[in-house]
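**Q** Pasting a structure here, questions to come.
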Number of protein chains: 2
Amino acid sequence: MFRTNTCGELRIEHISNQVTLAGWVQRVRKLGALTFVDLRDRFGITQLAFNTESNPELTERANKLSREFVIQAKGNVAERSSKNTNIPTGEIEILVDEFSILNEAELPPFMIENDTDGSEELRLKYRYLDIRRPKLKDILLTRARIVKSVRAYLDAKDFCEIETPTFIKSTPEGARDFLVPSRLVQGSFYALPQSPQILKQLLMVAGMDKYYQVVKCFRDEDFRGDRQPEFTQIDCEMSFVHQEDILNNFEGMIQHVFKQNLNYELGEIPRLTYHTAMKLYGSDKPDLRFDCKIVELNDLLPASEFGVFNNTISSGGLVAGINAKGCAAFSRKQLDELTEFVKVAHRGLGGLVNIRFNEDGSVKSSIDKFFTEAQLREFGNAFGAEKGDLILIAADKISKVRKSLGDLRLHLAKQNNWIDESKWSVLWIVDFPLFELDEETGETIFVHHPFCSPNPEDMQYFDSEPLKVRAQQYDMVMNGNEICSGSIRITNRDLQKRVFQKLGMSEAEQQSRFGFMLDAYKYGAPPHGGCAFGLDRMVMLMTGGETIRDVIAFPKTSGGRDLMMDAPTTVDEKQLKELGISTISK
Amino acid sequence: MFRTNTCGELRIEHISNQVTLAGWVQRVRKLGALTFVDLRDRFGITQLAFNTESNPELTERANKLSREFVIQAKGNVAERSSKNTNIPTGEIEILVDEFSILNEAELPPFMIENDTDGSEELRLKYRYLDIRRPKLKDILLTRARIVKSVRAYLDAKDFCEIETPTFIKSTPEGARDFLVPSRLVQGSFYALPQSPQILKQLLMVAGMDKYYQVVKCFRDEDFRGDRQPEFTQIDCEMSFVHQEDILNNFEGMIQHVFKQNLNYELGEIPRLTYHTAMKLYGSDKPDLRFDCKIVELNDLLPASEFGVFNNTISSGGLVAGINAKGCAAFSRKQLDELTEFVKVAHRGLGGLVNIRFNEDGSVKSSIDKFFTEAQLREFGNAFGAEKGDLILIAADKISKVRKSLGDLRLHLAKQNNWIDESKWSVLWIVDFPLFELDEETGETIFVHHPFCSPNPEDMQYFDSEPLKVRAQQYDMVMNGNEICSGSIRITNRDLQKRVFQKLGMSEAEQQSRFGFMLDAYKYGAPPHGGCAFGLDRMVMLMTGGETIRDVIAFPKTSGGRDLMMDAPTTVDEKQLKELGISTISK
């Protein structure tokens with residue numbers, strides 16, 4: 001070894017020990033006759049001390065060290081005269097007898113400090129330098145610890161890790177598959193798994209009850225927002241279970257992971273039905289770190305001349321609102337901004353009605369003309385409005401109002417710092433619908449994937465009113481983000497075929513895409529179900545990262561590029577020819 | 001849950017417990033008024049008992065159960081009258097009160113027993129049934145336990161698991177890359193990693209000392225023999241270490257894994273230099289479960305008229321042989337078969353000289369004409385030959401003789417059961433050469449990969465006699481199979497460039513392929529090294545499997561096909577068009 005100790009382990013009890021350390025020069029400080037070098041490695045930082053009076057030649061050499069030089073230093077552990085209580089090694093320093101330079105370093109293109117001056121693009125290009133920053137390093141270490149605690153929990157519950165293949169058959173699950181041309185079977189392609197869904201179900205048919213895998217998955221999506229072409233899933237499946245068993249098992253897992261890694265007691269994970277979540281929060285992944293529920297007004301509205309409300313209700317729509325606590329004093333401009341927010345694409349509301357409950361006790365509203373003050377105060381009561389509150393009301397189709405108010409709720413919370421960042425909101429959403437209508441095509445499509453089991457209680461509606469059928473599907477939501485999704489699976493071949501059929505899949509298509517799975521279900525499929533956690537997002541939330549790029553060692557940009565390696569790249573024609581493919585020029 | 005207990009956990013102390021089990025019907029046996037059903041799940045087999053006299057209707061239904069039906073059964077645990085000592089649950093049975101069929105099963109296409117009647121092709125097509133066989137199931141469970149013990153060891157030593165990307169840049173490392181066409185950057189391709197070699201080295205540059213990863217790797221090779229397009233590696237790297245530190249660390253790991261999983265004390269792992277291994281065993285992965293060393297005769301040979309020996313020696317070749325213990329009585333046909341063995345491709349020897357030390361004390365040789373009996377006995381002494389032994393001698397170029405005798409040694413060992421299967425031969429091979437000559441092209445090529453550090457002691461030969469330079473490279477060999485390979489890496493940018501140059505890489509090629517890595521080495525690369533274990537092969541050896549297909553849940557055939565899913569397949573023209581590629585018709 002080039003060292004006797006790491007840069008993170010020496011303490012006051014090691015005083016007088018002769019040690020050798022190795023690491024990177026974090027900084028060099030000259031204070032009169034003294035020179036101090038902060039030496040850094042994965043484990044911490046230790047101060048090296050040099051004294052011109054006792055060793056002028058060595059100190060002279062130390063003064064010439066630059067940032068990021070890799071050095072090895074030998075010396076004695078001594079108590080510091082001026083202690084640094086911010087770091088665990090802050091009580092000691094090494095009185096260096098000799099050192100050698102193991103490797104020199106050019107000036108890095110950005111500061112290797114938590115507050116760096118490098119742009120994200122520059123830092124991605126030099127990712128190996130970016131990871132030297134304690135912030136990124138600590139996230140990667142925490143990620144490893146989180147995965148370790150997941151494994152420990154599942155191992156203790158007799159789960160067995162099984163690797164499923166990366167080269168599978170293309171059976172698109174909603175997103176586009178990445179393809180890999182086969183050289184040996186020219187003209188043919190493997191697909192990379194969007195998830196090991198079918199394979200884990202076949203493992204249950206194979207009897208390998210209690211499977212898990214921490215596994216890379218691949219989706220060829222347009223990289224809007226915070227997506228990566230490859231991501232990591234904690235993938236699980238159990239046999240002979242009901243939904244309740246799975247919820248309990250993974251409630252236990254997330255509690256364990258929080259306790260182990262954040263020393264935080266999550267407590268019982270509350271459950272909301274999909275319907276309630278949509279009704280109260282306008283979202284199937286509500287953030288419950290703040291309250292602000294949606295209040296529906298249809299049944300409360302008195303007769304009025306206000307056409308918007310009247311038309312909405314008569315056409316089966318919804319009038320509902322939220323209470324923006326303490327926002328009564330919002331300016332005209334602020335209110336306009338909120339109206340603009342609910343008007344933009346995907347939301348498309350016509351506008352927002354507002355009622356201000358002013359601090360002076362007065363009530364002002366954009367619909368003063370149509371309602372008496374008493375009526376407005378009545379509305380206020382439905383929201384629990386107090387002096388200083390602002391009520392915002394929307395009227396339109398049910399789904400549009402819910403989604404818009406759900407978004408508005410989040411927007412206001414961020415804008416006004418309603419969120420207590422020290423709190424955690426972890427909950428289950430249950431009773432998702434099995435099917436939904438594709439708004440563009442009007443076709444019946446699946447909500448999750450075509451293997452989710454319908455709730456047996458709802459099978460009476462399967463043919464007549466399929467949209468009414470609930471699935472045995474559940475999501476875990478953390479601080480307003482879906483971090484886990486799962487379901488009880490269909491294990492009856494005929495029912496599976498009925499679902500495929502309902503999704504518009506012909507017999508021939510069923511056979512060519514899922515024939516092997518339908519075959520498997522002839523030979524004794526056990527009841528089973530499972531779920532998958534999105535590891536990247538879970539780690540991002542648990543480490544306070546802002547994007548999942550922060551929790552991945554070597555991420556791609558939103559355009560799918562690796563700026564460090566410069567991938568993807570063109571390849572030799574010879575390579576393509578061997579694979580039996582060619583590129584099409586546009 | 002569909003069960004209160006698994007089929008593997010009930011014992012004599014559970015007698016009188018009311019339990020519910022669920023699983024697959026292994027078999028149904030009728031013995032007069034009694035019917036026994038063996039119920040199987042991942043955890044074991046439990047006997048269900050039915051009695052016509054006490055419950056005729058239930059027993060009648062049980063008699064109609066077929067193999068592989070999935071059932072749930074409720075009843076009381078009772079002591080068996082006739083115990084089965086072969087299984088842990090063999091002392092009890094369940095007196096069933098009621099049962100229900102959870103799923104029916106058609107007759108499986110082959111017997112779901114360890115000794116099955118299914119061909120490998122059939123079993124791969126119905127892999128989900130093949131895995132129900134205890135043999136395969138146990139291998140998968142053992143594989144998971146082996147990985148768990150590896151992680152436990154590395155975690156305890158402060159190693160940190162970090163995921164490296166699956167989509168990287170194509171930088172071929174000897175084998176062909178699999179490519180993934182990029183839709184967003186049309187005409188460009190990601191490569192799948194043959195190993196995370198460069199990325200783990202960049203993690204060391206990034207300061208993430210003590211990395212590991214259990215990771216899928218991909219090589220597009222012609223699938224001769226026992227290869228898979230995707231395979232799993234235990235990939236490790238450490239900073240501030242010398243070769244000795246790495247050998248010690250992973251010696252500890254393999255000892256731990258053997259102790260934990262096989263309860264076997266491996267003891268100290270012996271080390272052989274590459275040169276000694278080649279000289280004594282004709283292989284850089286010798287199987288030391290049996291002795292049979294190669295003995296070199298050049299210095300022992302008396303003057304004779306035997307042209308083959310004389311010419312070999314005068315042209316710088318090697319005369320050497322092995323002692324086939326106890327094989328003196330081999331027939332003409334057996335000897336011919338051995339001669340044939342060393343003549344075939346890759347070996348290409350002209351023939352074998354034999355000397356038989358017969359049980360009656362006589363000596364017979366194919367070179368009786370050229371040597372006296374005393375001389376033949378002298379040869380025998382060099383081999384420690386005793387009555388009953390057969391000496392086989394070859395003469396040709398050094399490398400050809402060593403390789404052929406190495407192969408012959410193994411061939412004889414298998415043929416004559418010299419190998420004690422209860423023994424383990426685990427050793428390190430060290431001091432590999434850095435370069436070798438490509439026999440076809442005559443070019444200097446690397447032995448392992450271009451990042452292996454030369455042994456500093458040999459740098460004097462780097463330019464003058466590069467083939468003499470040893471690398472700081474080491475392999476771990478288990479029962480004659482390489483299961484791990486690693487090295488100390490080059491961390492000096494100039495030296496790395498000299499090696500690239502020696503391998504015939506132009507400056508431009510160095511930049512386009514490895515520019516990002518050469519750049520990284522400007523910013524303070526620490527001394528580092530590591531290794532990678534081939535998990536599939538290691539598990540295969542440790543579980544007594546015959547091919548790595550046995551230790552992979554869903555393997556490909558030797559032609560790279562998944563017979564179960566039927567992959568690879570053709571895909572829609574539309575999909576290809578989106579990717580900007582087309583297939584070339586032959």
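Labels for the structure tokens follow display order: chains A, B, ..., residues from 1 in each chain, ligands from 1.
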Identify, on the basis of only C-alpha atoms, every residue whose closest approach to segment 460-472 of chain A does not exceed 6 Å; exclude the query and any residue fewer than 5 positions from it along the same chain; express the result as an MDAnalysis selection string.

**A** chainID A and resid 431:436 453:455 487:488

**Q** Restricting it to N, CA, C and O atoms, dump the selection as a PDB file, in the first residue's frame.

**A**
```pdb
ATOM      1  N   ASP A 431     -55.887   1.363  -5.962  1.00  0.00           N
ATOM      2  CA  ASP A 431     -57.132   1.358  -6.758  1.00  0.00           C
ATOM      3  C   ASP A 431     -57.060   2.236  -8.001  1.00  0.00           C
ATOM      4  O   ASP A 431     -57.991   2.986  -8.313  1.00  0.00           O
ATOM      5  N   PHE A 432     -55.985   2.123  -8.713  1.00  0.00           N
ATOM      6  CA  PHE A 432     -55.901   2.792 -10.016  1.00  0.00           C
ATOM      7  C   PHE A 432     -56.940   2.187 -10.969  1.00  0.00           C
ATOM      8  O   PHE A 432     -57.277   1.015 -10.840  1.00  0.00           O
ATOM      9  N   PRO A 433     -57.413   2.961 -11.942  1.00  0.00           N
ATOM     10  CA  PRO A 433     -58.248   2.325 -12.973  1.00  0.00           C
ATOM     11  C   PRO A 433     -57.393   1.392 -13.830  1.00  0.00           C
ATOM     12  O   PRO A 433     -56.182   1.595 -13.959  1.00  0.00           O
ATOM     13  N   LEU A 434     -58.029   0.347 -14.372  1.00  0.00           N
ATOM     14  CA  LEU A 434     -57.303  -0.607 -15.222  1.00  0.00           C
ATOM     15  C   LEU A 434     -57.049  -0.007 -16.601  1.00  0.00           C
ATOM     16  O   LEU A 434     -55.965  -0.127 -17.158  1.00  0.00           O
ATOM     17  N   PHE A 435     -58.100   0.627 -17.127  1.00  0.00           N
ATOM     18  CA  PHE A 435     -57.999   1.200 -18.474  1.00  0.00           C
ATOM     19  C   PHE A 435     -58.215   2.704 -18.417  1.00  0.00           C
ATOM     20  O   PHE A 435     -58.807   3.226 -17.467  1.00  0.00           O
ATOM     21  N   GLU A 436     -57.783   3.387 -19.449  1.00  0.00           N
ATOM     22  CA  GLU A 436     -58.185   4.778 -19.632  1.00  0.00           C
ATOM     23  C   GLU A 436     -58.369   5.017 -21.123  1.00  0.00           C
ATOM     24  O   GLU A 436     -58.004   4.165 -21.946  1.00  0.00           O
ATOM     25  N   SER A 453     -53.743  -7.118 -12.902  1.00  0.00           N
ATOM     26  CA  SER A 453     -54.999  -7.826 -12.682  1.00  0.00           C
ATOM     27  C   SER A 453     -56.119  -6.839 -12.366  1.00  0.00           C
ATOM     28  O   SER A 453     -55.948  -5.922 -11.567  1.00  0.00           O
ATOM     29  N   PRO A 454     -57.285  -7.032 -12.998  1.00  0.00           N
ATOM     30  CA  PRO A 454     -58.442  -6.238 -12.586  1.00  0.00           C
ATOM     31  C   PRO A 454     -58.851  -6.622 -11.164  1.00  0.00           C
ATOM     32  O   PRO A 454     -58.582  -7.743 -10.720  1.00  0.00           O
ATOM     33  N   ASN A 455     -59.499  -5.700 -10.466  1.00  0.00           N
ATOM     34  CA  ASN A 455     -60.064  -6.022  -9.161  1.00  0.00           C
ATOM     35  C   ASN A 455     -61.255  -6.950  -9.382  1.00  0.00           C
ATOM     36  O   ASN A 455     -62.178  -6.603 -10.121  1.00  0.00           O
ATOM     37  N   SER A 487     -48.265  -4.106  -9.152  1.00  0.00           N
ATOM     38  CA  SER A 487     -49.616  -4.641  -9.250  1.00  0.00           C
ATOM     39  C   SER A 487     -49.624  -6.131  -8.961  1.00  0.00           C
ATOM     40  O   SER A 487     -48.591  -6.784  -8.967  1.00  0.00           O
ATOM     41  N   ILE A 488     -50.821  -6.621  -8.673  1.00  0.00           N
ATOM     42  CA  ILE A 488     -51.064  -8.053  -8.758  1.00  0.00           C
ATOM     43  C   ILE A 488     -51.247  -8.355 -10.239  1.00  0.00           C
ATOM     44  O   ILE A 488     -51.856  -7.564 -10.960  1.00  0.00           O
TER      45      ILE A 488
END
```

**Q** Using only C-alpha atoms, which residues sit within 10 Å of Arg132 of chain B once same-chain residues fewer than 6 positions away are excluded, as a list in words?

**A** Leu203, Met204, Val205, Ala206, Gly207 and Met208 of chain A; Trp24, Arg40, Asp41, Arg42, Glu68, Ile112, Glu113, Asn114 and Asp138 of chain B

**Q** Give me a file of those residues, with N, CA and C atoms, as a tab-separated table (two decimals), in the first residue's frame.

**A**
```
chain	number	residue	atom	x	y	z
A	203	LEU	N	-40.38	-15.94	-13.98
A	203	LEU	CA	-39.67	-16.52	-12.83
A	203	LEU	C	-40.67	-17.01	-11.78
A	204	MET	N	-41.79	-16.32	-11.65
A	204	MET	CA	-42.82	-16.79	-10.72
A	204	MET	C	-43.43	-18.10	-11.26
A	205	VAL	N	-43.69	-18.15	-12.55
A	205	VAL	CA	-44.18	-19.40	-13.15
A	205	VAL	C	-43.14	-20.50	-12.93
A	206	ALA	N	-41.87	-20.12	-12.94
A	206	ALA	CA	-40.78	-21.07	-12.73
A	206	ALA	C	-40.64	-21.48	-11.26
A	207	GLY	N	-41.45	-20.86	-10.40
A	207	GLY	CA	-41.38	-21.23	-8.98
A	207	GLY	C	-40.39	-20.44	-8.16
A	208	MET	N	-39.73	-19.40	-8.77
A	208	MET	CA	-38.69	-18.67	-8.05
A	208	MET	C	-39.30	-17.50	-7.27
B	24	TRP	N	-47.00	-26.29	-6.06
B	24	TRP	CA	-47.25	-27.12	-7.24
B	24	TRP	C	-47.33	-28.59	-6.85
B	40	ARG	N	-44.94	-28.81	-3.81
B	40	ARG	CA	-43.59	-28.24	-3.97
B	40	ARG	C	-43.65	-26.72	-4.13
B	41	ASP	N	-42.74	-26.02	-3.48
B	41	ASP	CA	-42.52	-24.62	-3.81
B	41	ASP	C	-41.02	-24.36	-3.79
B	42	ARG	N	-40.61	-23.08	-3.85
B	42	ARG	CA	-39.18	-22.76	-3.90
B	42	ARG	C	-38.46	-23.31	-2.68
B	68	GLU	N	-48.09	-30.54	-11.55
B	68	GLU	CA	-47.91	-29.10	-11.82
B	68	GLU	C	-49.17	-28.25	-11.66
B	112	ILE	N	-40.49	-32.86	-14.85
B	112	ILE	CA	-39.89	-31.85	-13.97
B	112	ILE	C	-39.27	-32.55	-12.77
B	113	GLU	N	-38.16	-33.20	-13.05
B	113	GLU	CA	-37.39	-33.95	-12.06
B	113	GLU	C	-35.93	-33.68	-12.38
B	114	ASN	N	-35.04	-33.93	-11.41
B	114	ASN	CA	-33.62	-33.71	-11.70
B	114	ASN	C	-33.17	-34.52	-12.90
B	138	ASP	N	-31.75	-24.77	-7.36
B	138	ASP	CA	-30.70	-24.66	-6.34
B	138	ASP	C	-29.48	-23.90	-6.85
```

**Q** Residues within 12 Å of Ile254 of chain A, please, as a ChimeraX atom specification. Count only C-alpha atoms; anything in the same chain fewer than 6 positions from it doesn't count.

**A** /A:146-147,149-151,153-154,234,247-248,260-262,264-269,424,426-428,476-478,483-484,533,535,538-539,542

**Q** Got a sec: who's within 12 Å of Thr339 of chain B, counting only C-alpha atoms, leaving out chain neighbours fewer than 2 positions off, as a PyMOL selection string?

**A** chain B and resi 332-337+341-344+347-354+392-394+404-405+408+411

**Q** Run DSSP on the backbone and grab whatever in segment 240-335 of chain A lands in strand (DSSP E or B); send it over as a count of residues only.

**A** 12

**Q** Would you pick out the contacts of Lys83 of chain A at 9 Å or less, using only C-alpha atoms, so that residues sharing its chain but fewer than 5 positions from it are not included, and give the list as number ranges by chain?

**A** A: 90-92

**Q** In terms of the shortest atom-to-atom distance over only C-alpha atoms, which of A:Lys210, A:His448, A:Lys157, A:Arg227 is closest to chain B?

**A** A:Lys210

**Q** Using DSSP on the backbone coordinates, identify all residues within segment 210-430 of chain B classified as helix (DSSP H, G or I); present the result as a count of residues only.

**A** 76

**Q** Residues at most 9 Å from Glu104 of chain B, counting only C-alpha atoms, excluding those fewer than 3 positions away in the same chain, as an NGL selection string?

**A** (:A and (522-525)) or (:B and (65-66 or 68-71 or 101))

**Q** Rank B:Asp360, B:Glu98, B:Asp209, B:Glu120 by their smallest atom-to-atom distance to Thr59 of chain B, using only C-alpha atoms, and report the top residue only.

**A**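 Nearest candidate to Thr59 of chain B out of B:Asp360, B:Glu98, B:Asp209, B:Glu120: B:Glu98.
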
**Q** Give me, as a VMD selection string, all polymer residues having an atom no more than 6 Å from Asn76 of chain B, counting only C-alpha atoms and skipping those fewer than 4 positions away in the same chain.

**A** chain B and resid 16 to 18 94 to 95

**Q** Please produce a file of those selected residues containing C-alpha atoms, as a PDB file, in the first residue's frame.

**A**
```pdb
ATOM      1  CA  SER B  16     -51.098 -30.167  15.452  1.00  0.00           C
ATOM      2  CA  ASN B  17     -50.632 -26.696  13.970  1.00  0.00           C
ATOM      3  CA  GLN B  18     -53.375 -25.637  11.607  1.00  0.00           C
ATOM      4  CA  ILE B  94     -50.541 -32.370   6.403  1.00  0.00           C
ATOM      5  CA  LEU B  95     -53.901 -34.014   7.053  1.00  0.00           C
TER       6      LEU B  95
END
```
